[in-house]
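Colleague: What follows is upload_16.pdb, PDB, C-alpha atoms.
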ATOM      1  CA  MET A   1     -20.041 -21.726  -1.825
ATOM      2  CA  PRO A   2     -19.480 -18.898   0.704
ATOM      3  CA  SER A   3     -20.828 -15.443   0.015
ATOM      4  CA  VAL A   4     -18.175 -12.793  -0.656
ATOM      5  CA  SER A   5     -18.242  -9.044  -0.091
ATOM      6  CA  ILE A   6     -15.699  -6.976  -2.003
ATOM      7  CA  ILE A   7     -15.012  -3.690  -0.221
ATOM      8  CA  ILE A   8     -13.351  -0.766  -1.998
ATOM      9  CA  PRO A   9     -12.356   2.686  -0.724
ATOM     10  CA  CYS A  10     -12.778   5.272  -3.441
ATOM     11  CA  TYR A  11     -12.338   8.995  -4.079
ATOM     12  CA  ASN A  12     -12.116  10.713  -7.463
ATOM     13  CA  GLU A  13     -11.186   7.545  -9.357
ATOM     14  CA  GLN A  14     -12.887   8.314 -12.665
ATOM     15  CA  ASP A  15      -9.807   7.307 -14.664
ATOM     16  CA  THR A  16      -9.375   3.818 -13.171
ATOM     17  CA  ILE A  17     -12.680   2.713 -11.635
ATOM     18  CA  ASN A  18     -14.005   1.104 -14.829
ATOM     19  CA  LYS A  19     -10.911  -1.092 -15.149
ATOM     20  CA  LEU A  20     -11.544  -2.384 -11.647
ATOM     21  CA  LEU A  21     -15.268  -2.923 -12.200
ATOM     22  CA  GLU A  22     -14.627  -4.845 -15.424
ATOM     23  CA  ALA A  23     -12.048  -7.014 -13.647
ATOM     24  CA  ILE A  24     -14.501  -7.801 -10.846
ATOM     25  CA  TYR A  25     -17.222  -8.656 -13.352
ATOM     26  CA  ALA A  26     -14.801 -11.054 -15.102
ATOM     27  CA  GLN A  27     -14.029 -13.000 -11.903
ATOM     28  CA  THR A  28     -14.294 -16.786 -12.091
ATOM     29  CA  PHE A  29     -16.047 -16.849  -8.695
ATOM     30  CA  PRO A  30     -19.859 -17.234  -9.037
ATOM     31  CA  ARG A  31     -21.331 -13.792  -9.555
ATOM     32  CA  ALA A  32     -24.494 -14.711  -7.644
ATOM     33  CA  ASP A  33     -22.392 -15.098  -4.479
ATOM     34  CA  LEU A  34     -20.653 -11.719  -4.864
ATOM     35  CA  GLU A  35     -21.537  -8.252  -3.662
ATOM     36  CA  LEU A  36     -19.510  -5.129  -4.268
ATOM     37  CA  ILE A  37     -19.534  -2.315  -1.700
ATOM     38  CA  ILE A  38     -17.815   0.914  -2.769
ATOM     39  CA  ALA A  39     -17.254   3.466  -0.013
ATOM     40  CA  ASP A  40     -16.888   6.801  -1.754
ATOM     41  CA  GLY A  41     -15.442   9.896  -0.099
ATOM     42  CA  LEU A  42     -17.980  12.131  -1.855
ATOM     43  CA  SER A  43     -16.109  12.220  -5.168
ATOM     44  CA  THR A  44     -16.193  15.486  -7.091
ATOM     45  CA  ASP A  45     -15.336  14.070 -10.538
ATOM     46  CA  GLY A  46     -17.341  11.588 -12.595
ATOM     47  CA  THR A  47     -16.595   8.540 -10.426
ATOM     48  CA  ARG A  48     -20.142   8.039  -9.162
ATOM     49  CA  ALA A  49     -21.609   8.452 -12.634
ATOM     50  CA  GLU A  50     -19.187   5.818 -13.972
ATOM     51  CA  ILE A  51     -20.175   3.392 -11.208
ATOM     52  CA  ALA A  52     -23.893   4.033 -11.741
ATOM     53  CA  ALA A  53     -23.575   3.492 -15.493
ATOM     54  CA  PHE A  54     -21.687   0.236 -14.941
ATOM     55  CA  ALA A  55     -24.288  -0.991 -12.437
ATOM     56  CA  ASP A  56     -27.109  -0.239 -14.868
ATOM     57  CA  ALA A  57     -25.319  -2.156 -17.635
ATOM     58  CA  HIS A  58     -24.516  -5.155 -15.381
ATOM     59  CA  PRO A  59     -27.591  -5.833 -13.226
ATOM     60  CA  ASP A  60     -26.396  -9.381 -12.428
ATOM     61  CA  LEU A  61     -23.612  -7.966 -10.206
ATOM     62  CA  HIS A  62     -24.803  -6.483  -6.931
ATOM     63  CA  ILE A  63     -23.149  -3.068  -6.509
ATOM     64  CA  ALA A  64     -23.854  -0.802  -3.549
ATOM     65  CA  MET A  65     -22.480   2.608  -2.629
ATOM     66  CA  ALA A  66     -21.685   3.840   0.865
ATOM     67  CA  ASP A  67     -20.863   7.453   1.696
ATOM     68  CA  ASN A  68     -17.540   8.108   3.432
ATOM     69  CA  PRO A  69     -17.713  11.712   4.662
ATOM     70  CA  ALA A  70     -14.479  11.312   6.652
ATOM     71  CA  LYS A  71     -12.662  10.730   3.322
ATOM     72  CA  SER A  72      -9.948   8.506   4.814
ATOM     73  CA  ILE A  73      -9.138   4.981   3.686
ATOM     74  CA  PRO A  74      -9.765   3.219   7.023
ATOM     75  CA  SER A  75     -13.083   5.024   7.497
ATOM     76  CA  ALA A  76     -14.045   3.993   3.954
ATOM     77  CA  LEU A  77     -13.208   0.366   4.699
ATOM     78  CA  ASN A  78     -15.265   0.438   7.891
ATOM     79  CA  CYS A  79     -18.203   2.076   6.110
ATOM     80  CA  ALA A  80     -18.112  -0.683   3.509
ATOM     81  CA  LEU A  81     -17.756  -3.387   6.157
ATOM     82  CA  ARG A  82     -20.839  -2.164   7.985
ATOM     83  CA  GLU A  83     -22.836  -2.339   4.731
ATOM     84  CA  SER A  84     -21.516  -5.742   3.703
ATOM     85  CA  GLN A  85     -23.200  -9.113   4.264
ATOM     86  CA  GLY A  86     -20.683 -11.671   2.937
ATOM     87  CA  GLU A  87     -19.110 -14.468   4.942
ATOM     88  CA  ILE A  88     -15.762 -13.574   3.381
ATOM     89  CA  ILE A  89     -14.419 -10.050   2.913
ATOM     90  CA  VAL A  90     -12.092  -9.204   0.021
ATOM     91  CA  ARG A  91     -10.506  -5.768   0.185
ATOM     92  CA  LEU A  92      -9.468  -4.185  -3.124
ATOM     93  CA  ASP A  93      -8.361  -0.748  -4.252
ATOM     94  CA  ALA A  94      -9.612   1.588  -6.964
ATOM     95  CA  HIS A  95      -6.050   1.694  -8.380
ATOM     96  CA  SER A  96      -5.964  -2.090  -8.815
ATOM     97  CA  VAL A  97      -7.071  -4.693 -11.350
ATOM     98  CA  PRO A  98      -7.309  -8.234  -9.932
ATOM     99  CA  TYR A  99      -6.620 -11.271 -12.109
ATOM    100  CA  PRO A 100      -9.787 -13.215 -13.103
ATOM    101  CA  ASP A 101      -9.146 -15.944 -10.507
ATOM    102  CA  TYR A 102      -8.226 -13.523  -7.704
ATOM    103  CA  ILE A 103     -11.327 -14.041  -5.547
ATOM    104  CA  GLU A 104     -11.501 -17.764  -6.261
ATOM    105  CA  ARG A 105      -7.919 -18.254  -5.073
ATOM    106  CA  CYS A 106      -8.403 -16.054  -1.989
ATOM    107  CA  VAL A 107     -11.452 -18.063  -0.952
ATOM    108  CA  ALA A 108      -9.652 -21.368  -1.589
ATOM    109  CA  ASP A 109      -6.703 -20.364   0.622
ATOM    110  CA  LEU A 110      -9.011 -19.202   3.410
ATOM    111  CA  GLN A 111     -11.020 -22.402   3.295
ATOM    112  CA  ALA A 112      -7.792 -24.420   3.325
ATOM    113  CA  GLY A 113      -6.784 -22.647   6.542
ATOM    114  CA  GLN A 114      -3.624 -21.098   5.105
ATOM    115  CA  GLY A 115      -4.082 -17.930   7.116
ATOM    116  CA  GLU A 116      -6.541 -15.568   8.756
ATOM    117  CA  ASN A 117      -5.762 -12.942   6.114
ATOM    118  CA  VAL A 118      -4.555 -13.982   2.679
ATOM    119  CA  GLY A 119      -3.307 -11.925  -0.226
ATOM    120  CA  GLY A 120      -1.029 -11.992  -3.199
ATOM    121  CA  VAL A 121       1.495 -10.207  -5.332
ATOM    122  CA  TRP A 122       1.233  -6.794  -6.925
ATOM    123  CA  GLU A 123       2.275  -6.342 -10.519
ATOM    124  CA  ILE A 124       3.198  -2.673 -10.626
ATOM    125  CA  HIS A 125       2.204  -0.901 -13.845
ATOM    126  CA  PRO A 126       2.778   2.749 -14.807
ATOM    127  CA  GLY A 127       0.065   5.155 -13.771
ATOM    128  CA  ALA A 128       0.502   7.170 -16.986
ATOM    129  CA  SER A 129       2.477   7.195 -20.217
ATOM    130  CA  GLY A 130       5.986   8.589 -20.385
ATOM    131  CA  TRP A 131       9.475   7.680 -19.232
ATOM    132  CA  MET A 132       9.116   9.010 -15.695
ATOM    133  CA  ALA A 133       5.879   7.131 -15.044
ATOM    134  CA  GLU A 134       7.594   3.974 -16.338
ATOM    135  CA  SER A 135      10.569   4.644 -14.056
ATOM    136  CA  ILE A 136       8.318   5.128 -11.027
ATOM    137  CA  ALA A 137       6.609   1.790 -11.704
ATOM    138  CA  GLN A 138       9.997   0.086 -11.934
ATOM    139  CA  ALA A 139      11.182   1.708  -8.703
ATOM    140  CA  ALA A 140       8.042   0.613  -6.868
ATOM    141  CA  SER A 141       8.980  -3.042  -7.364
ATOM    142  CA  HIS A 142      12.783  -2.776  -7.249
ATOM    143  CA  PRO A 143      14.578  -4.286  -4.191
ATOM    144  CA  LEU A 144      16.541  -1.064  -3.730
ATOM    145  CA  GLY A 145      13.285   0.825  -3.540
ATOM    146  CA  VAL A 146      11.120  -1.516  -1.449
ATOM    147  CA  GLY A 147      13.634  -3.804   0.271
ATOM    148  CA  ASP A 148      12.275  -7.211   1.242
ATOM    149  CA  ALA A 149       8.579  -6.412   0.732
ATOM    150  CA  LEU A 150       7.621  -9.836  -0.619
ATOM    151  CA  TYR A 151       4.175  -8.835  -1.876
ATOM    152  CA  ARG A 152       5.937  -6.920  -4.662
ATOM    153  CA  ARG A 153       8.181  -9.753  -5.843
ATOM    154  CA  ALA A 154       7.522 -13.066  -3.997
ATOM    155  CA  GLY A 155       8.078 -16.344  -5.845
ATOM    156  CA  LYS A 156       6.600 -18.812  -3.352
ATOM    157  CA  ALA A 157       3.769 -18.960  -0.840
ATOM    158  CA  THR A 158       4.823 -18.017   2.675
ATOM    159  CA  GLU A 159       3.741 -16.457   5.957
ATOM    160  CA  VAL A 160       4.431 -12.698   5.982
ATOM    161  CA  ASP A 161       3.952  -9.564   8.081
ATOM    162  CA  THR A 162       1.429  -8.005   5.732
ATOM    163  CA  VAL A 163      -0.258  -8.330   2.351
ATOM    164  CA  PRO A 164      -1.753  -5.656   0.118
ATOM    165  CA  PHE A 165      -5.524  -5.567   0.384
ATOM    166  CA  GLY A 166      -6.208  -9.094   1.681
ATOM    167  CA  ALA A 167      -9.159 -11.434   2.179
ATOM    168  CA  PHE A 168     -10.471 -12.666   5.511
ATOM    169  CA  LYS A 169     -13.516 -14.272   7.096
ATOM    170  CA  ARG A 170     -16.058 -11.944   8.632
ATOM    171  CA  GLU A 171     -15.703 -13.751  11.948
ATOM    172  CA  LEU A 172     -12.181 -12.281  12.247
ATOM    173  CA  LEU A 173     -13.698  -8.854  12.936
ATOM    174  CA  ALA A 174     -15.268 -10.135  16.160
ATOM    175  CA  LEU A 175     -11.793 -11.145  17.344
ATOM    176  CA  ILE A 176      -9.638  -8.153  16.396
ATOM    177  CA  GLY A 177     -12.074  -5.385  15.468
ATOM    178  CA  PHE A 178     -12.368  -3.124  12.437
ATOM    179  CA  PHE A 179      -9.738  -0.934  10.777
ATOM    180  CA  ASP A 180      -8.165   1.754  12.968
ATOM    181  CA  GLU A 181      -9.487   5.122  11.780
ATOM    182  CA  SER A 182      -6.890   7.074  13.753
ATOM    183  CA  LEU A 183      -4.257   5.918  11.217
ATOM    184  CA  LEU A 184      -4.826   7.626   7.886
ATOM    185  CA  THR A 185      -2.241   5.345   6.234
ATOM    186  CA  ASN A 186      -0.705   2.011   7.251
ATOM    187  CA  GLU A 187      -4.150   0.752   8.235
ATOM    188  CA  ASP A 188      -3.498  -2.580   6.462
ATOM    189  CA  TYR A 189      -0.213  -3.162   8.273
ATOM    190  CA  GLU A 190      -1.784  -2.288  11.627
ATOM    191  CA  PHE A 191      -4.752  -4.596  10.929
ATOM    192  CA  ASN A 192      -2.343  -7.424  10.117
ATOM    193  CA  ALA A 193      -0.285  -6.665  13.235
ATOM    194  CA  ARG A 194      -3.383  -7.282  15.334
ATOM    195  CA  ILE A 195      -4.013 -10.532  13.483
ATOM    196  CA  ARG A 196      -0.503 -11.732  14.312
ATOM    197  CA  LYS A 197      -0.756 -10.578  17.926
ATOM    198  CA  SER A 198      -3.949 -12.609  18.286
ATOM    199  CA  GLY A 199      -2.081 -15.733  17.150
ATOM    200  CA  GLY A 200      -3.266 -15.664  13.546
ATOM    201  CA  LYS A 201      -1.301 -15.871  10.309
ATOM    202  CA  VAL A 202      -1.008 -13.541   7.338
ATOM    203  CA  TRP A 203      -0.467 -15.623   4.212
ATOM    204  CA  LEU A 204       0.974 -14.510   0.876
ATOM    205  CA  ASP A 205       0.233 -16.668  -2.158
ATOM    206  CA  PRO A 206       1.967 -15.518  -5.371
ATOM    207  CA  ALA A 207      -0.757 -17.269  -7.394
ATOM    208  CA  ILE A 208      -3.095 -14.502  -6.151
ATOM    209  CA  ARG A 209      -2.205 -11.600  -8.403
ATOM    210  CA  SER A 210      -3.387  -8.104  -9.159
ATOM    211  CA  VAL A 211      -2.154  -5.184 -11.210
ATOM    212  CA  TYR A 212      -1.535  -1.992  -9.249
ATOM    213  CA  PHE A 213      -1.078   1.367 -10.964
ATOM    214  CA  ALA A 214       1.825   3.368  -9.536
ATOM    215  CA  ARG A 215       1.698   7.118  -9.037
ATOM    216  CA  PRO A 216       2.182   8.875 -12.400
ATOM    217  CA  THR A 217       4.435  11.770 -11.342
ATOM    218  CA  LEU A 218       7.317  12.424  -8.955
ATOM    219  CA  ALA A 219       5.218  14.942  -7.029
ATOM    220  CA  GLU A 220       2.483  12.385  -6.394
ATOM    221  CA  LEU A 221       5.087   9.734  -5.549
ATOM    222  CA  ALA A 222       6.705  12.078  -3.018
ATOM    223  CA  ARG A 223       3.357  12.861  -1.386
ATOM    224  CA  GLN A 224       2.508   9.148  -1.230
ATOM    225  CA  TYR A 225       5.778   8.092   0.397
ATOM    226  CA  SER A 226       5.884  11.061   2.746
ATOM    227  CA  ARG A 227       2.444  10.006   3.963
ATOM    228  CA  TYR A 228       3.602   6.390   4.292
ATOM    229  CA  GLY A 229       6.581   7.431   6.402
ATOM    230  CA  PHE A 230       4.555   9.803   8.577
ATOM    231  CA  TRP A 231       1.953   7.216   9.513
ATOM    232  CA  LYS A 232       4.443   4.375   9.789
ATOM    233  CA  TRP A 233       5.983   6.088  12.821
ATOM    234  CA  ARG A 234       2.526   6.489  14.379
ATOM    235  CA  MET A 235       1.878   2.800  13.860
ATOM    236  CA  LEU A 236       5.311   1.773  15.195
ATOM    237  CA  ARG A 237       4.689   3.632  18.453
ATOM    238  CA  ARG A 238       1.962   1.107  19.127
ATOM    239  CA  TYR A 239       3.729  -1.924  17.709
ATOM    240  CA  PRO A 240       7.503  -1.290  17.958
ATOM    241  CA  GLU A 241       8.193  -4.997  17.500
ATOM    242  CA  THR A 242       6.961  -4.762  13.899
ATOM    243  CA  LEU A 243       9.873  -2.533  12.800
ATOM    244  CA  ARG A 244      11.802  -4.060   9.881
ATOM    245  CA  TRP A 245      15.216  -3.050   8.601
ATOM    246  CA  ARG A 246      13.862  -1.685   5.333
ATOM    247  CA  GLN A 247      11.669   0.752   7.285
ATOM    248  CA  GLY A 248      14.512   2.068   9.432
ATOM    249  CA  LEU A 249      17.018   2.833   6.693
ATOM    250  CA  PRO A 250      15.313   5.809   4.951
ATOM    251  CA  PRO A 251      14.878   7.933   8.110
ATOM    252  CA  LEU A 252      18.433   7.095   9.217
ATOM    253  CA  PHE A 253      19.728   8.118   5.776
ATOM    254  CA  VAL A 254      17.816  11.410   5.765
ATOM    255  CA  LEU A 255      18.859  12.121   9.350
ATOM    256  CA  SER A 256      22.511  11.465   8.502
ATOM    257  CA  LEU A 257      22.309  13.931   5.604
ATOM    258  CA  ILE A 258      20.770  16.616   7.789
ATOM    259  CA  VAL A 259      23.238  16.155  10.653
ATOM    260  CA  SER A 260      26.246  15.990   8.336
ATOM    261  CA  ALA A 261      25.121  19.108   6.465
ATOM    262  CA  ILE A 262      24.758  21.062   9.707
ATOM    263  CA  LEU A 263      28.084  19.891  11.149
ATOM    264  CA  ALA A 264      29.835  20.517   7.828
ATOM    265  CA  VAL A 265      29.300  24.234   8.392
ATOM    266  CA  PHE A 266      31.568  24.088  11.443
ATOM    267  CA  LEU A 267      33.781  21.015  10.916
ATOM    268  CA  PRO A 268      35.418  20.421   7.514
ATOM    269  CA  VAL A 269      35.661  16.665   8.099
ATOM    270  CA  PHE A 270      31.896  16.383   7.869
ATOM    271  CA  ARG A 271      32.007  17.941   4.400
ATOM    272  CA  LEU A 272      34.068  14.963   3.326
ATOM    273  CA  LEU A 273      31.766  12.526   5.119
ATOM    274  CA  LEU A 274      28.676  14.096   3.538
ATOM    275  CA  ALA A 275      30.258  14.068   0.089
ATOM    276  CA  ALA A 276      31.357  10.437   0.517
ATOM    277  CA  GLU A 277      27.887   9.359   1.615
ATOM    278  CA  LEU A 278      26.224  11.065  -1.342
ATOM    279  CA  VAL A 279      28.759   9.634  -3.803
ATOM    280  CA  VAL A 280      28.252   6.077  -2.522
ATOM    281  CA  TYR A 281      24.477   6.516  -2.587
ATOM    282  CA  CYS A 282      24.473   7.917  -6.122
ATOM    283  CA  ILE A 283      26.766   5.144  -7.354
ATOM    284  CA  ALA A 284      24.406   2.527  -5.903
ATOM    285  CA  LEU A 285      21.385   4.142  -7.567
ATOM    286  CA  LEU A 286      23.140   4.624 -10.911
ATOM    287  CA  THR A 287      24.328   1.010 -10.863
ATOM    288  CA  ALA A 288      20.755  -0.141 -10.333
ATOM    289  CA  GLY A 289      19.615   2.121 -13.161
ATOM    290  CA  VAL A 290      22.256   0.857 -15.575
ATOM    291  CA  ILE A 291      21.505  -2.801 -14.788
ATOM    292  CA  ALA A 292      17.762  -2.250 -15.240
ATOM    293  CA  ALA A 293      18.326  -0.336 -18.476
ATOM    294  CA  ILE A 294      20.471  -3.135 -19.927
ATOM    295  CA  ARG A 295      18.125  -5.911 -18.865
ATOM    296  CA  GLN A 296      15.036  -4.191 -20.213
ATOM    297  CA  ASN A 297      16.626  -2.296 -23.096
ATOM    298  CA  ARG A 298      15.234   0.992 -21.772
ATOM    299  CA  ALA A 299      17.946   3.629 -21.655
ATOM    300  CA  PHE A 300      15.800   6.116 -19.738
ATOM    301  CA  LEU A 301      16.004   3.893 -16.635
ATOM    302  CA  ILE A 302      19.638   4.961 -16.176
ATOM    303  CA  VAL A 303      18.299   8.327 -15.051
ATOM    304  CA  GLY A 304      14.658   7.644 -14.231
ATOM    305  CA  LEU A 305      15.098   4.725 -11.836
ATOM    306  CA  PRO A 306      17.622   6.507  -9.554
ATOM    307  CA  ILE A 307      15.455   9.636  -9.432
ATOM    308  CA  ALA A 308      12.336   7.654  -8.537
ATOM    309  CA  ILE A 309      14.069   5.529  -5.886
ATOM    310  CA  ALA A 310      15.708   8.584  -4.317
ATOM    311  CA  THR A 311      12.307  10.303  -4.199
ATOM    312  CA  MET A 312      10.847   7.287  -2.392
ATOM    313  CA  HIS A 313      13.703   7.072   0.128
ATOM    314  CA  ILE A 314      13.909  10.776   0.966
ATOM    315  CA  SER A 315      10.149  11.364   1.089
ATOM    316  CA  TRP A 316       9.557   8.305   3.262
ATOM    317  CA  GLY A 317      12.445   9.136   5.585
ATOM    318  CA  ALA A 318      11.484  12.805   5.887
ATOM    319  CA  GLY A 319       7.861  11.917   6.597
ATOM    320  CA  PHE A 320       8.958   9.448   9.276
ATOM    321  CA  LEU A 321      11.245  11.995  10.973
ATOM    322  CA  TRP A 322       8.621  14.739  10.817
ATOM    323  CA  SER A 323       6.124  12.395  12.472
ATOM    324  CA  MET A 324       8.624  11.714  15.264
ATOM    325  CA  ILE A 325       9.265  15.428  15.826
ATOM    326  CA  LYS A 326       5.609  16.351  15.678
ATOM    327  CA  GLY A 327       4.748  13.520  18.048
ATOM    328  CA  VAL A 328       7.068  14.900  20.723
ATOM    329  CA  PHE A 329       4.967  18.065  20.942
ATOM    330  CA  THR A 330       1.455  16.860  20.142
ATOM    331  CA  ASP A 331       0.949  13.171  20.932
ATOM    332  CA  ARG A 332       1.978  12.233  24.427
ATOM    333  CA  SER A 333       0.502   8.745  24.364
ATOM    334  CA  PRO A 334       1.043   6.061  21.718
ATOM    335  CA  GLU A 335      -2.127   4.268  22.703
ATOM    336  CA  ARG A 336      -5.014   3.895  20.298
ATOM    337  CA  LYS A 337      -7.653   6.563  20.550
TER
END
How does the structure come out when it is put into structure tokens?
Modeller:
Amino acid sequence: MPSVSIIIPCYNEQDTINKLLEAIYAQTFPRADLELIIADGLSTDGTRAEIAAFADAHPDLHIAMADNPAKSIPSALNCALRESQGEIIVRLDAHSVPYPDYIERCVADLQAGQGENVGGVWEIHPGASGWMAESIAQAASHPLGVGDALYRRAGKATEVDTVPFGAFKRELLALIGFFDESLLTNEDYEFNARIRKSGGKVWLDPAIRSVYFARPTLAELARQYSRYGFWKWRMLRRYPETLRWRQGLPPLFVLSLIVSAILAVFLPVFRLLLAAELVVYCIALLTAGVIAAIRQNRAFLIVGLPIAIATMHISWGAGFLWSMIKGVFTDRSPERK
């Protein structure tokens, strides 16, 4: 049985860290072959106390802490990697709860040679109670919100561009290196891009499942997707061939709104074009909301789902465009630093 290191970036996760720790403790993989490395960005809430209490109550699970003073996700992952000893690395997130057979299935796929990095499907759950939190969770797995991102809705095992989290053999690090700390988001996608450029495969197995807790409020959702869009452009400058249609539509949509709004001041025809674009967009969102509300018998989705999806699209697109503009003046080279 190979030894496995679970690495987790963490910062102020007092509300969710125990759910993750309990899920790891309940894994079907032999506990004696597991170690858990949590890289904490110097949390200011009760996260560390929760982890310490859990470790004291479960001495048969090896839990270690690593400080992450840089407080970014890729630096946390690299801190944890440097502390880890396992032959296989499983990356998880403090907002996630893996199914009991998660690690066992990851290891089985790696040993079967399915891919150099293997992962599974997210089940998106609300990050809080209330109709808006429920709507955000629905939007985060809806095709209109996430396009063809298979890790949110795949039905069969297949080779993909990226997987959330992922599991890989330690020997992979000698080939492609650690996570890129110059990217504060999109580090997983960039890591997987290097795997594919080296001739390796990224494998998605829908039997590997975890629960992921969506952002609880629109403000947090907007910040999340703005950050995603901003760093996606930075990543695409290095790997332009990885651009997918779903990633190009939000910035094009936001750009079209901005340009049409400016031109509408001077040319009346653009007022009609802007109005037509917004009407078509709203009809598409409302249709999605009505269908979801009928299927799930949740009337609030008629309003909540469109609002959440629009927040994702506009925040992502605006973040992407801002990154492009900022890059013109500050970052002259797309090369890795």
Colleague: Apply the PyMOL selection byres ((chain A and resi 321-331) around 9) to the structure shown and report the selected residues as a list in words.
Modeller: Gly229, Phe230, Trp231, Lys232, Trp233, Arg234, Pro251, Leu252, Val254, Leu255, Trp316, Gly317, Ala318, Gly319, Phe320, Arg332, Ser333 and Pro334 of chain A
Colleague: Nearest to Arg170 (chain A) among A:Ile283, A:Ala293, A:Ile88, A:Met65, with distances taken over only C-alpha atoms: which residue is it?
Modeller: A:Ile88
Colleague: Within 9 Å of (-5.3, -13.1, 3.5) in the file's own coordinates, which protein, DNA or RNA residues have an atom, counting all atoms listed in the file? List them as a VMD selection string.
Modeller: chain A and resid 90 106 109 to 110 114 to 120 162 to 168 201 to 205
Colleague: Atoms to include: C-alpha atoms. Write the selected residues as a PDB file, in the frame of the given file.
Modeller:
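The new file again.pdb reads:
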ATOM      1  CA  VAL A  90     -12.092  -9.204   0.021  1.00  0.00           C
ATOM      2  CA  CYS A 106      -8.403 -16.054  -1.989  1.00  0.00           C
ATOM      3  CA  ASP A 109      -6.703 -20.364   0.622  1.00  0.00           C
ATOM      4  CA  LEU A 110      -9.011 -19.202   3.410  1.00  0.00           C
ATOM      5  CA  GLN A 114      -3.624 -21.098   5.105  1.00  0.00           C
ATOM      6  CA  GLY A 115      -4.082 -17.930   7.116  1.00  0.00           C
ATOM      7  CA  GLU A 116      -6.541 -15.568   8.756  1.00  0.00           C
ATOM      8  CA  ASN A 117      -5.762 -12.942   6.114  1.00  0.00           C
ATOM      9  CA  VAL A 118      -4.555 -13.982   2.679  1.00  0.00           C
ATOM     10  CA  GLY A 119      -3.307 -11.925  -0.226  1.00  0.00           C
ATOM     11  CA  GLY A 120      -1.029 -11.992  -3.199  1.00  0.00           C
ATOM     12  CA  THR A 162       1.429  -8.005   5.732  1.00  0.00           C
ATOM     13  CA  VAL A 163      -0.258  -8.330   2.351  1.00  0.00           C
ATOM     14  CA  PRO A 164      -1.753  -5.656   0.118  1.00  0.00           C
ATOM     15  CA  PHE A 165      -5.524  -5.567   0.384  1.00  0.00           C
ATOM     16  CA  GLY A 166      -6.208  -9.094   1.681  1.00  0.00           C
ATOM     17  CA  ALA A 167      -9.159 -11.434   2.179  1.00  0.00           C
ATOM     18  CA  PHE A 168     -10.471 -12.666   5.511  1.00  0.00           C
ATOM     19  CA  LYS A 201      -1.301 -15.871  10.309  1.00  0.00           C
ATOM     20  CA  VAL A 202      -1.008 -13.541   7.338  1.00  0.00           C
ATOM     21  CA  TRP A 203      -0.467 -15.623   4.212  1.00  0.00           C
ATOM     22  CA  LEU A 204       0.974 -14.510   0.876  1.00  0.00           C
ATOM     23  CA  ASP A 205       0.233 -16.668  -2.158  1.00  0.00           C
TER      24      ASP A 205
END
Colleague: Record the distance separating CA of Ala112 (chain A) and CA of Met1 (chain A), expressed in Å with one decimal.
Modeller: 13.6 Å
Colleague: Could you name the residues that touch region 18-24 of chain A at 7 Å or less, counting all atoms listed in the file, but leaving out those on the same chain fewer than 5 positions away, as an MDAnalysis selection string?
Modeller: chainID A and resid 94 96:98 100
Colleague: Could you please determine the separation between CA of Glu13 (chain A) and CA of Pro143 (chain A) in Å, to one decimal place?
Modeller: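 Rounded to one decimal, the two atoms are 28.8 Å apart.
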Colleague: To test your reading of the syntax: which residues would the PyMOL selection byres ((chain A and resi 188) around 10) return for the file shown? Reply as JSON, numbers by chain.
Modeller: {"A": [73, 74, 91, 162, 163, 164, 165, 166, 179, 180, 183, 185, 186, 187, 189, 190, 191, 192, 193]}
Colleague: Would you pick out the contacts of region 27-40 of chain A at 6 Å or less, using only C-alpha atoms, so that residues sharing its chain but fewer than 2 positions from it are not included, and give the list as a PDB file with C-alpha atoms, keeping the file's coordinate frame?
Modeller:
ATOM      1  CA  SER A   3     -20.828 -15.443   0.015  1.00  0.00           C
ATOM      2  CA  VAL A   4     -18.175 -12.793  -0.656  1.00  0.00           C
ATOM      3  CA  SER A   5     -18.242  -9.044  -0.091  1.00  0.00           C
ATOM      4  CA  ILE A   6     -15.699  -6.976  -2.003  1.00  0.00           C
ATOM      5  CA  ILE A   7     -15.012  -3.690  -0.221  1.00  0.00           C
ATOM      6  CA  ILE A   8     -13.351  -0.766  -1.998  1.00  0.00           C
ATOM      7  CA  PRO A   9     -12.356   2.686  -0.724  1.00  0.00           C
ATOM      8  CA  CYS A  10     -12.778   5.272  -3.441  1.00  0.00           C
ATOM      9  CA  TYR A  11     -12.338   8.995  -4.079  1.00  0.00           C
ATOM     10  CA  ILE A  24     -14.501  -7.801 -10.846  1.00  0.00           C
ATOM     11  CA  TYR A  25     -17.222  -8.656 -13.352  1.00  0.00           C
ATOM     12  CA  LEU A  42     -17.980  12.131  -1.855  1.00  0.00           C
ATOM     13  CA  HIS A  62     -24.803  -6.483  -6.931  1.00  0.00           C
ATOM     14  CA  ILE A  63     -23.149  -3.068  -6.509  1.00  0.00           C
ATOM     15  CA  ALA A  64     -23.854  -0.802  -3.549  1.00  0.00           C
ATOM     16  CA  MET A  65     -22.480   2.608  -2.629  1.00  0.00           C
ATOM     17  CA  ALA A  66     -21.685   3.840   0.865  1.00  0.00           C
ATOM     18  CA  ASP A  67     -20.863   7.453   1.696  1.00  0.00           C
ATOM     19  CA  ASN A  68     -17.540   8.108   3.432  1.00  0.00           C
ATOM     20  CA  ALA A  76     -14.045   3.993   3.954  1.00  0.00           C
ATOM     21  CA  ALA A  80     -18.112  -0.683   3.509  1.00  0.00           C
ATOM     22  CA  PRO A 100      -9.787 -13.215 -13.103  1.00  0.00           C
ATOM     23  CA  ASP A 101      -9.146 -15.944 -10.507  1.00  0.00           C
ATOM     24  CA  GLU A 104     -11.501 -17.764  -6.261  1.00  0.00           C
TER      25      GLU A 104
END
Colleague: Provide the CA of Met312 (chain A) to CA of Asn78 (chain A) distance in Å, to one decimal place.
Modeller: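 Between CA of Met312 (chain A) and CA of Asn78 (chain A) the gap works out to 28.9 Å.
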Colleague: When distances are computed from only C-alpha atoms, which of A:Val303, A:Ile291, A:Ile103, A:Ile208 shows the smallest separation from Gly155 (chain A)?
Modeller: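 With only C-alpha atoms as the atom set, the closest residue is A:Ile208.
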